[in-house]
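Peer 1: Sending over a structure as structure tokens; questions will come in a sec.
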Amino acid sequence: MTELAEYFEATIQRGDRVEPRDWMPDAYRKTLVRQIAQHAHSEIIGMQPEGAWISCAPSLRRKAILLAKVQDEAGHGLYLYSAAETLGTSRRELTDKLLAGKQKYSSIFNYPTPSYADVGTIGWLVDGAAICNQVPLCRTSFGPYGRAMIRICKEESFHQRQGYELLMTMMRGTDEQRAMVQESVNRFWWPALMMFGPPDDASPNTAQSMAWGIKRDTNDDLRQKFVDMSVPQAEALGVTLPDPDLKWNAERGSYDFGQPDWDEFWAVVKGDGPCNAERLEHRRKAHDDGAWVRGAAVAFARLEEEL
Ligand code: 3HC
């Protein structure tokens, strides 16, 4: 092992940060670009499901909150693309790969949001799951990624709280509003559990990512943490989680729960989810419609250089 490789291993063993200028194994760099790109793409595509409700939010207050949240997601994407660029790739390259279907984004965003209650459920469950997954990433071994997570996690907690407050308000409303919330939770509960990835014994990346300190917890451990956090919240809300196997296990000090439909998960990951084509088409159109902005920015930068 070379001196540089020894230094890298010692840095990981000490739980210290690897920085962009440090030597790192190609495979470590490749795994980071893969995960950070997917994370960034998820933030950008994730703007679509809720963004569709901005123009028809039921009040100015709800519209302002939703606008702020969706704008935050764009910023999260920016931080993460910037972290990926310190690894020698570019936002343009990653965007081109996303648009060509060569890079992934989170499966959760391939589900439709037909009901306004989905805005609350996404905040409560999807951003709640994101918090469970992202807080440990504040301690990830790659410096720029971990530092991006700190600000993202602060904003995620606002996202989760606003969603939960929206649902609590609806649950104090009419029977019809309560039914809307329950119907939305029924649709989003299992896809939210899938956000944490496949079971550990079907996860080809977890072991190595844990060894490198990129991941600090396994998929199943984070999923369990999310279930244990969500059940009391569901009880306080007054909704039923659609899992007949959900039961407190006093011996484990955690909830036992059923398994998501992993065939559905892999189908959605492979592109056959309810909204995969729509989400990518929308992103491609937004990219094409924004070509003039990129052109103007490049022309302006050239002009500045000439001045
Ligand atoms: N959606 C899409 N693909 C998924 C997935 C999901 N929910 N879970 C796993 N996969 C893919 C993996 O990317 C991998 O495929 P690849 O090797 O071609 O990239 C394959 O399935 C096997 O999964 P692994 O568990 O082996 O892969 P990872 O070790 O990368 O773990 C992960 C998957 C847990 C999602 C991990 O990548 C991770 O923690 N990523 C960072 C967090 C993130 O991306 N969160 C997405 C949501 S962001 C969000 O919710 C925004 C919020 O503001 C709403």
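By order in the structure tokens, chains are A, B, ...; within a chain, residues start at 1; ligands start at 1, following the order shown.
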Do you know which residues are within 7 Å of ligand 1 using only C-alpha atoms and all ligand atoms? Can you write them as JSON, numbers by chain?
Peer 2: {"A": [34, 35, 36, 38, 39, 42, 43, 46, 73, 104, 105, 106, 107, 108, 126, 127, 130, 133, 134, 156, 194, 195, 196, 197, 198, 200, 203, 204, 205, 206, 209, 215, 219, 269]}
Peer 1: Atoms to include: N, CA and C atoms. Write the selected residues as an mmCIF file, in the first residue's frame.
Peer 2:
```cif
data_model
loop_
_atom_site.group_PDB
_atom_site.id
_atom_site.type_symbol
_atom_site.label_atom_id
_atom_site.label_comp_id
_atom_site.auth_asym_id
_atom_site.auth_seq_id
_atom_site.Cartn_x
_atom_site.Cartn_y
_atom_site.Cartn_z
ATOM 1 N N ARG A 34 -21.499 9.079 -7.506
ATOM 2 C CA ARG A 34 -22.769 8.376 -7.737
ATOM 3 C C ARG A 34 -23.800 8.799 -6.692
ATOM 4 N N GLN A 35 -23.422 8.737 -5.406
ATOM 5 C CA GLN A 35 -24.402 9.012 -4.344
ATOM 6 C C GLN A 35 -24.762 10.490 -4.277
ATOM 7 N N ILE A 36 -23.778 11.380 -4.378
ATOM 8 C CA ILE A 36 -24.064 12.820 -4.266
ATOM 9 C C ILE A 36 -24.872 13.284 -5.477
ATOM 10 N N GLN A 38 -26.996 11.449 -7.218
ATOM 11 C CA GLN A 38 -28.357 10.939 -7.024
ATOM 12 C C GLN A 38 -29.092 11.792 -6.000
ATOM 13 N N HIS A 39 -28.371 12.171 -4.978
ATOM 14 C CA HIS A 39 -28.973 13.013 -3.925
ATOM 15 C C HIS A 39 -29.379 14.368 -4.514
ATOM 16 N N SER A 42 -32.290 14.088 -6.796
ATOM 17 C CA SER A 42 -33.526 13.871 -6.024
ATOM 18 C C SER A 42 -34.098 15.205 -5.546
ATOM 19 N N GLU A 43 -33.225 16.101 -5.130
ATOM 20 C CA GLU A 43 -33.689 17.410 -4.641
ATOM 21 C C GLU A 43 -34.368 18.188 -5.776
ATOM 22 N N GLY A 46 -37.443 16.372 -6.970
ATOM 23 C CA GLY A 46 -38.378 16.399 -5.838
ATOM 24 C C GLY A 46 -39.169 17.692 -5.756
ATOM 25 N N GLU A 73 -35.522 23.288 -1.774
ATOM 26 C CA GLU A 73 -35.069 22.047 -2.443
ATOM 27 C C GLU A 73 -34.116 22.394 -3.593
ATOM 28 N N LYS A 104 -29.667 8.160 -11.386
ATOM 29 C CA LYS A 104 -30.948 7.986 -10.681
ATOM 30 C C LYS A 104 -31.307 9.193 -9.819
ATOM 31 N N TYR A 105 -32.557 9.178 -9.387
ATOM 32 C CA TYR A 105 -33.016 10.061 -8.310
ATOM 33 C C TYR A 105 -33.937 9.208 -7.446
ATOM 34 N N SER A 106 -34.314 9.731 -6.292
ATOM 35 C CA SER A 106 -35.043 8.905 -5.336
ATOM 36 C C SER A 106 -36.393 8.419 -5.877
ATOM 37 N N SER A 107 -36.653 7.155 -5.658
ATOM 38 C CA SER A 107 -37.881 6.501 -6.141
ATOM 39 C C SER A 107 -39.144 7.234 -5.685
ATOM 40 N N ILE A 108 -39.071 7.852 -4.514
ATOM 41 C CA ILE A 108 -40.286 8.440 -3.917
ATOM 42 C C ILE A 108 -40.928 9.488 -4.826
ATOM 43 N N VAL A 126 -41.924 12.131 3.759
ATOM 44 C CA VAL A 126 -40.770 12.124 2.834
ATOM 45 C C VAL A 126 -39.624 12.960 3.406
ATOM 46 N N ASP A 127 -39.946 14.173 3.874
ATOM 47 C CA ASP A 127 -38.868 14.972 4.463
ATOM 48 C C ASP A 127 -38.442 14.396 5.809
ATOM 49 N N ALA A 130 -36.112 11.783 4.883
ATOM 50 C CA ALA A 130 -34.872 12.444 4.434
ATOM 51 C C ALA A 130 -34.047 12.867 5.647
ATOM 52 N N ASN A 133 -32.263 9.973 7.103
ATOM 53 C CA ASN A 133 -31.171 9.538 6.227
ATOM 54 C C ASN A 133 -30.049 10.576 6.191
ATOM 55 N N GLN A 134 -30.387 11.844 6.309
ATOM 56 C CA GLN A 134 -29.384 12.902 6.094
ATOM 57 C C GLN A 134 -28.640 13.335 7.345
ATOM 58 N N GLU A 156 -34.503 20.949 6.346
ATOM 59 C CA GLU A 156 -35.404 19.780 6.282
ATOM 60 C C GLU A 156 -36.332 19.772 7.492
ATOM 61 N N MET A 194 -39.367 2.808 1.264
ATOM 62 C CA MET A 194 -38.461 2.385 0.176
ATOM 63 C C MET A 194 -37.340 3.401 -0.055
ATOM 64 N N MET A 195 -37.560 4.655 0.426
ATOM 65 C CA MET A 195 -36.531 5.703 0.222
ATOM 66 C C MET A 195 -35.186 5.282 0.795
ATOM 67 N N PHE A 196 -35.208 4.423 1.826
ATOM 68 C CA PHE A 196 -33.950 4.066 2.500
ATOM 69 C C PHE A 196 -33.150 3.017 1.727
ATOM 70 N N GLY A 197 -33.709 2.599 0.575
ATOM 71 C CA GLY A 197 -32.979 1.624 -0.238
ATOM 72 C C GLY A 197 -33.411 0.195 0.046
ATOM 73 N N PRO A 198 -32.853 -0.760 -0.688
ATOM 74 C CA PRO A 198 -33.235 -2.156 -0.522
ATOM 75 C C PRO A 198 -32.796 -2.694 0.843
ATOM 76 N N ASP A 200 -30.674 -4.594 3.607
ATOM 77 C CA ASP A 200 -29.201 -4.641 3.644
ATOM 78 C C ASP A 200 -28.646 -5.852 2.879
ATOM 79 N N SER A 203 -28.300 -4.986 -0.748
ATOM 80 C CA SER A 203 -27.682 -3.687 -1.044
ATOM 81 C C SER A 203 -26.215 -3.892 -1.438
ATOM 82 N N PRO A 204 -25.904 -3.769 -2.738
ATOM 83 C CA PRO A 204 -24.514 -4.022 -3.157
ATOM 84 C C PRO A 204 -23.523 -2.955 -2.684
ATOM 85 N N ASN A 205 -24.018 -1.762 -2.316
ATOM 86 C CA ASN A 205 -23.085 -0.664 -1.997
ATOM 87 C C ASN A 205 -22.857 -0.437 -0.500
ATOM 88 N N THR A 206 -23.790 -0.893 0.341
ATOM 89 C CA THR A 206 -23.737 -0.488 1.761
ATOM 90 C C THR A 206 -22.437 -0.873 2.463
ATOM 91 N N SER A 209 -19.567 1.317 1.407
ATOM 92 C CA SER A 209 -19.823 2.716 1.792
ATOM 93 C C SER A 209 -19.698 2.897 3.300
ATOM 94 N N LYS A 215 -21.417 6.138 4.284
ATOM 95 C CA LYS A 215 -22.667 5.873 5.021
ATOM 96 C C LYS A 215 -22.266 5.580 6.468
ATOM 97 N N ASN A 219 -29.135 0.707 5.476
ATOM 98 C CA ASN A 219 -30.492 1.029 5.004
ATOM 99 C C ASN A 219 -31.538 0.561 6.020
ATOM 100 N N VAL A 269 -37.318 1.885 -9.430
ATOM 101 C CA VAL A 269 -35.901 2.270 -9.591
ATOM 102 C C VAL A 269 -35.468 2.087 -11.050
#
```
Peer 1: Just the residues within 9 Å of Trp53 (chain A), please, counting only C-alpha atoms, with nothing from its chain fewer than 4 positions along; format it as a PDB file with all heavy atoms, in the first residue's frame.
Peer 2:
```
ATOM      1  N   PRO A  49     -43.346  17.179  -7.518  1.00  0.00           N
ATOM      2  CA  PRO A  49     -44.621  16.703  -6.950  1.00  0.00           C
ATOM      3  C   PRO A  49     -45.363  17.786  -6.149  1.00  0.00           C
ATOM      4  O   PRO A  49     -46.559  17.969  -6.291  1.00  0.00           O
ATOM      5  CB  PRO A  49     -44.191  15.542  -6.056  1.00  0.00           C
ATOM      6  CG  PRO A  49     -42.859  15.103  -6.569  1.00  0.00           C
ATOM      7  CD  PRO A  49     -42.210  16.303  -7.143  1.00  0.00           C
ATOM      8  N   ALA A  57     -52.655  26.408  -3.901  1.00  0.00           N
ATOM      9  CA  ALA A  57     -52.664  26.265  -2.440  1.00  0.00           C
ATOM     10  C   ALA A  57     -53.903  26.987  -1.887  1.00  0.00           C
ATOM     11  O   ALA A  57     -54.342  27.988  -2.463  1.00  0.00           O
ATOM     12  CB  ALA A  57     -51.395  26.874  -1.855  1.00  0.00           C
ATOM     13  N   LYS A  63     -49.470  28.993   0.450  1.00  0.00           N
ATOM     14  CA  LYS A  63     -48.713  29.204  -0.805  1.00  0.00           C
ATOM     15  C   LYS A  63     -47.294  29.673  -0.477  1.00  0.00           C
ATOM     16  O   LYS A  63     -46.316  29.155  -1.006  1.00  0.00           O
ATOM     17  CB  LYS A  63     -49.422  30.247  -1.673  1.00  0.00           C
ATOM     18  CG  LYS A  63     -48.805  30.421  -3.059  1.00  0.00           C
ATOM     19  CD  LYS A  63     -49.332  31.656  -3.763  1.00  0.00           C
ATOM     20  CE  LYS A  63     -50.726  31.475  -4.277  1.00  0.00           C
ATOM     21  NZ  LYS A  63     -50.787  30.885  -5.651  1.00  0.00           N
ATOM     22  N   LEU A  66     -45.220  26.826   0.975  1.00  0.00           N
ATOM     23  CA  LEU A  66     -44.862  25.816  -0.043  1.00  0.00           C
ATOM     24  C   LEU A  66     -43.804  26.380  -1.003  1.00  0.00           C
ATOM     25  O   LEU A  66     -42.842  25.689  -1.364  1.00  0.00           O
ATOM     26  CB  LEU A  66     -46.119  25.385  -0.809  1.00  0.00           C
ATOM     27  CG  LEU A  66     -45.945  24.242  -1.808  1.00  0.00           C
ATOM     28  CD1 LEU A  66     -45.297  23.013  -1.177  1.00  0.00           C
ATOM     29  CD2 LEU A  66     -47.299  23.874  -2.417  1.00  0.00           C
ATOM     30  N   THR A 113     -49.153  13.079  -6.984  1.00  0.00           N
ATOM     31  CA  THR A 113     -49.669  13.832  -5.822  1.00  0.00           C
ATOM     32  C   THR A 113     -51.036  14.417  -6.201  1.00  0.00           C
ATOM     33  O   THR A 113     -51.172  15.617  -6.396  1.00  0.00           O
ATOM     34  CB  THR A 113     -48.702  14.990  -5.468  1.00  0.00           C
ATOM     35  OG1 THR A 113     -48.403  15.691  -6.688  1.00  0.00           O
ATOM     36  CG2 THR A 113     -47.412  14.481  -4.849  1.00  0.00           C
ATOM     37  N   TYR A 116     -54.353  17.508  -2.229  1.00  0.00           N
ATOM     38  CA  TYR A 116     -53.618  18.563  -1.521  1.00  0.00           C
ATOM     39  C   TYR A 116     -53.017  18.019  -0.216  1.00  0.00           C
ATOM     40  O   TYR A 116     -51.952  18.463   0.225  1.00  0.00           O
ATOM     41  CB  TYR A 116     -54.528  19.763  -1.220  1.00  0.00           C
ATOM     42  CG  TYR A 116     -53.773  20.852  -0.468  1.00  0.00           C
ATOM     43  CD1 TYR A 116     -52.721  21.542  -1.093  1.00  0.00           C
ATOM     44  CD2 TYR A 116     -54.053  21.133   0.860  1.00  0.00           C
ATOM     45  CE1 TYR A 116     -51.998  22.516  -0.404  1.00  0.00           C
ATOM     46  CE2 TYR A 116     -53.331  22.099   1.554  1.00  0.00           C
ATOM     47  CZ  TYR A 116     -52.310  22.775   0.924  1.00  0.00           C
ATOM     48  OH  TYR A 116     -51.581  23.737   1.600  1.00  0.00           O
ATOM     49  N   VAL A 119     -49.276  17.295   0.008  1.00  0.00           N
ATOM     50  CA  VAL A 119     -48.282  18.327   0.345  1.00  0.00           C
ATOM     51  C   VAL A 119     -47.860  18.155   1.804  1.00  0.00           C
ATOM     52  O   VAL A 119     -46.689  18.192   2.151  1.00  0.00           O
ATOM     53  CB  VAL A 119     -48.854  19.742   0.105  1.00  0.00           C
ATOM     54  CG1 VAL A 119     -47.882  20.812   0.608  1.00  0.00           C
ATOM     55  CG2 VAL A 119     -49.169  19.959  -1.368  1.00  0.00           C
TER      56      VAL A 119
END
```
Peer 1: Report as an MDAnalysis selection string all protein, DNA and RNA residues lying within 9 Å of Trp23 (chain A), evaluated on only C-alpha atoms, omitting residues in the same chain fewer than 3 positions from it.
Peer 2: chainID A and resid 4:5 7:8 18:20
Peer 1: Any chance you could list, as a PyMOL selection string, the residues in region 124-248 of chain A that come up helix (DSSP H, G or I) when DSSP is run on the backbone?
Peer 2: chain A and resi 124-134+136-139+143-171+175-194+200-202+206-211+219-237
Peer 1: Pick from A:Arg216, A:Arg279, A:Arg187, A:Lys30: nearest to Pro242 (chain A), with only C-alpha atoms counted?
Peer 2: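 Checking each candidate against Pro242 (chain A), we get A:Arg187 as the closest.
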Peer 1: Can you tell me, as a ChimeraX atom specification, what residues are no more than 12 Å from Arg252 (chain A) when counting only C-alpha atoms, ignoring any on the same chain fewer than 5 positions away?
Peer 2: /A:224,228,247
Peer 1: Can you pull out every residue within 9 Å of region 90-102 of chain A, counting only C-alpha atoms, but drop anything in the same chain fewer than 5 positions away, and send it as a PDB file with N, CA, C and O atoms, in the first residue's frame?
Peer 2:
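Output contents, as saved in selection.pdb:
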```
ATOM      1  N   ALA A  37     -24.566  12.747  -6.659  1.00  0.00           N
ATOM      2  CA  ALA A  37     -25.340  13.117  -7.858  1.00  0.00           C
ATOM      3  C   ALA A  37     -26.787  12.677  -7.690  1.00  0.00           C
ATOM      4  O   ALA A  37     -27.728  13.451  -7.932  1.00  0.00           O
ATOM      5  N   GLN A  38     -26.996  11.449  -7.218  1.00  0.00           N
ATOM      6  CA  GLN A  38     -28.357  10.939  -7.024  1.00  0.00           C
ATOM      7  C   GLN A  38     -29.092  11.792  -6.000  1.00  0.00           C
ATOM      8  O   GLN A  38     -30.277  12.100  -6.153  1.00  0.00           O
ATOM      9  N   HIS A  41     -29.908  15.148  -7.715  1.00  0.00           N
ATOM     10  CA  HIS A  41     -31.008  14.957  -8.686  1.00  0.00           C
ATOM     11  C   HIS A  41     -32.341  14.794  -7.945  1.00  0.00           C
ATOM     12  O   HIS A  41     -33.380  15.311  -8.381  1.00  0.00           O
ATOM     13  N   LEU A  78     -28.345  22.593  -5.417  1.00  0.00           N
ATOM     14  CA  LEU A  78     -27.155  23.416  -5.731  1.00  0.00           C
ATOM     15  C   LEU A  78     -25.988  23.065  -4.807  1.00  0.00           C
ATOM     16  O   LEU A  78     -24.862  22.834  -5.270  1.00  0.00           O
ATOM     17  N   TYR A  81     -24.737  19.578  -5.921  1.00  0.00           N
ATOM     18  CA  TYR A  81     -23.975  19.589  -7.184  1.00  0.00           C
ATOM     19  C   TYR A  81     -22.612  20.247  -6.940  1.00  0.00           C
ATOM     20  O   TYR A  81     -21.592  19.804  -7.464  1.00  0.00           O
ATOM     21  N   SER A  82     -22.588  21.273  -6.099  1.00  0.00           N
ATOM     22  CA  SER A  82     -21.305  21.940  -5.819  1.00  0.00           C
ATOM     23  C   SER A  82     -20.368  20.970  -5.093  1.00  0.00           C
ATOM     24  O   SER A  82     -19.169  20.926  -5.386  1.00  0.00           O
ATOM     25  N   ALA A  84     -20.411  17.753  -5.407  1.00  0.00           N
ATOM     26  CA  ALA A  84     -19.988  16.752  -6.418  1.00  0.00           C
ATOM     27  C   ALA A  84     -18.890  17.341  -7.306  1.00  0.00           C
ATOM     28  O   ALA A  84     -17.938  16.658  -7.688  1.00  0.00           O
ATOM     29  N   GLU A  85     -18.986  18.651  -7.598  1.00  0.00           N
ATOM     30  CA  GLU A  85     -17.990  19.260  -8.502  1.00  0.00           C
ATOM     31  C   GLU A  85     -16.598  19.269  -7.891  1.00  0.00           C
ATOM     32  O   GLU A  85     -15.602  19.274  -8.596  1.00  0.00           O
ATOM     33  N   GLY A 271     -37.278   2.488 -13.606  1.00  0.00           N
ATOM     34  CA  GLY A 271     -37.927   3.418 -14.527  1.00  0.00           C
ATOM     35  C   GLY A 271     -39.392   3.144 -14.784  1.00  0.00           C
ATOM     36  O   GLY A 271     -40.044   3.856 -15.548  1.00  0.00           O
ATOM     37  N   LEU A 280     -39.130  13.006 -15.781  1.00  0.00           N
ATOM     38  CA  LEU A 280     -37.955  13.286 -16.622  1.00  0.00           C
ATOM     39  C   LEU A 280     -38.321  14.222 -17.772  1.00  0.00           C
ATOM     40  O   LEU A 280     -37.566  15.140 -18.099  1.00  0.00           O
ATOM     41  N   GLU A 281     -39.501  14.026 -18.342  1.00  0.00           N
ATOM     42  CA  GLU A 281     -39.958  14.873 -19.448  1.00  0.00           C
ATOM     43  C   GLU A 281     -40.055  16.331 -18.974  1.00  0.00           C
ATOM     44  O   GLU A 281     -39.572  17.253 -19.613  1.00  0.00           O
ATOM     45  N   ARG A 283     -38.447  17.664 -16.501  1.00  0.00           N
ATOM     46  CA  ARG A 283     -37.080  18.180 -16.233  1.00  0.00           C
ATOM     47  C   ARG A 283     -36.381  18.524 -17.554  1.00  0.00           C
ATOM     48  O   ARG A 283     -35.680  19.530 -17.650  1.00  0.00           O
ATOM     49  N   ARG A 284     -36.581  17.687 -18.585  1.00  0.00           N
ATOM     50  CA  ARG A 284     -35.957  17.969 -19.894  1.00  0.00           C
ATOM     51  C   ARG A 284     -36.514  19.286 -20.456  1.00  0.00           C
ATOM     52  O   ARG A 284     -35.771  20.144 -20.941  1.00  0.00           O
ATOM     53  N   HIS A 287     -35.129  22.206 -18.688  1.00  0.00           N
ATOM     54  CA  HIS A 287     -33.723  22.424 -19.094  1.00  0.00           C
ATOM     55  C   HIS A 287     -33.666  23.125 -20.452  1.00  0.00           C
ATOM     56  O   HIS A 287     -32.924  24.089 -20.634  1.00  0.00           O
TER      57      HIS A 287
END
```
Peer 1: In Å to one decimal, how far is CA of Gly128 (chain A) from CA of Cys153 (chain A)?
Peer 2: 10.3 Å
Peer 1: Tell me which of A:Gly77, A:Gly123, A:Gly238, A:Pro232 sits closest to Ala179 (chain A), counting only C-alpha atoms.
Peer 2: A:Gly238
Peer 1: Identify, with DSSP run on backbone atoms, the residues in region 56-303 of chain A assigned to strand (DSSP E or B), and express the list as a list in words.
Peer 2: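 Matching residues, listed in order: Phe142, Lys247, Trp248, Asn249, Ser254, Tyr255 and Asp256 of chain A.
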Peer 1: Considering only C-alpha atoms, return as a list of chain:residue names whatever protein or nucleic-acid residues lie within 12 Å of Ala236 (chain A), sequence-local ones (same chain, fewer than 2 positions apart) excluded.
Peer 2: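 What passes the distance filter is A:Tyr164, A:Glu165, A:Leu167, A:Met168, A:Met171, A:Arg172, A:Met229, A:Ser230, A:Val231, A:Pro232, A:Gln233, A:Ala234, A:Gly238, A:Val239, A:Thr240.
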Peer 1: Find the distance between CA of Gly163 (chain A) and CA of Asp72 (chain A) and write it in Å to one decimal.
Peer 2: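 Value for the CA of Gly163 (chain A)-CA of Asp72 (chain A) distance: 14.3 Å.
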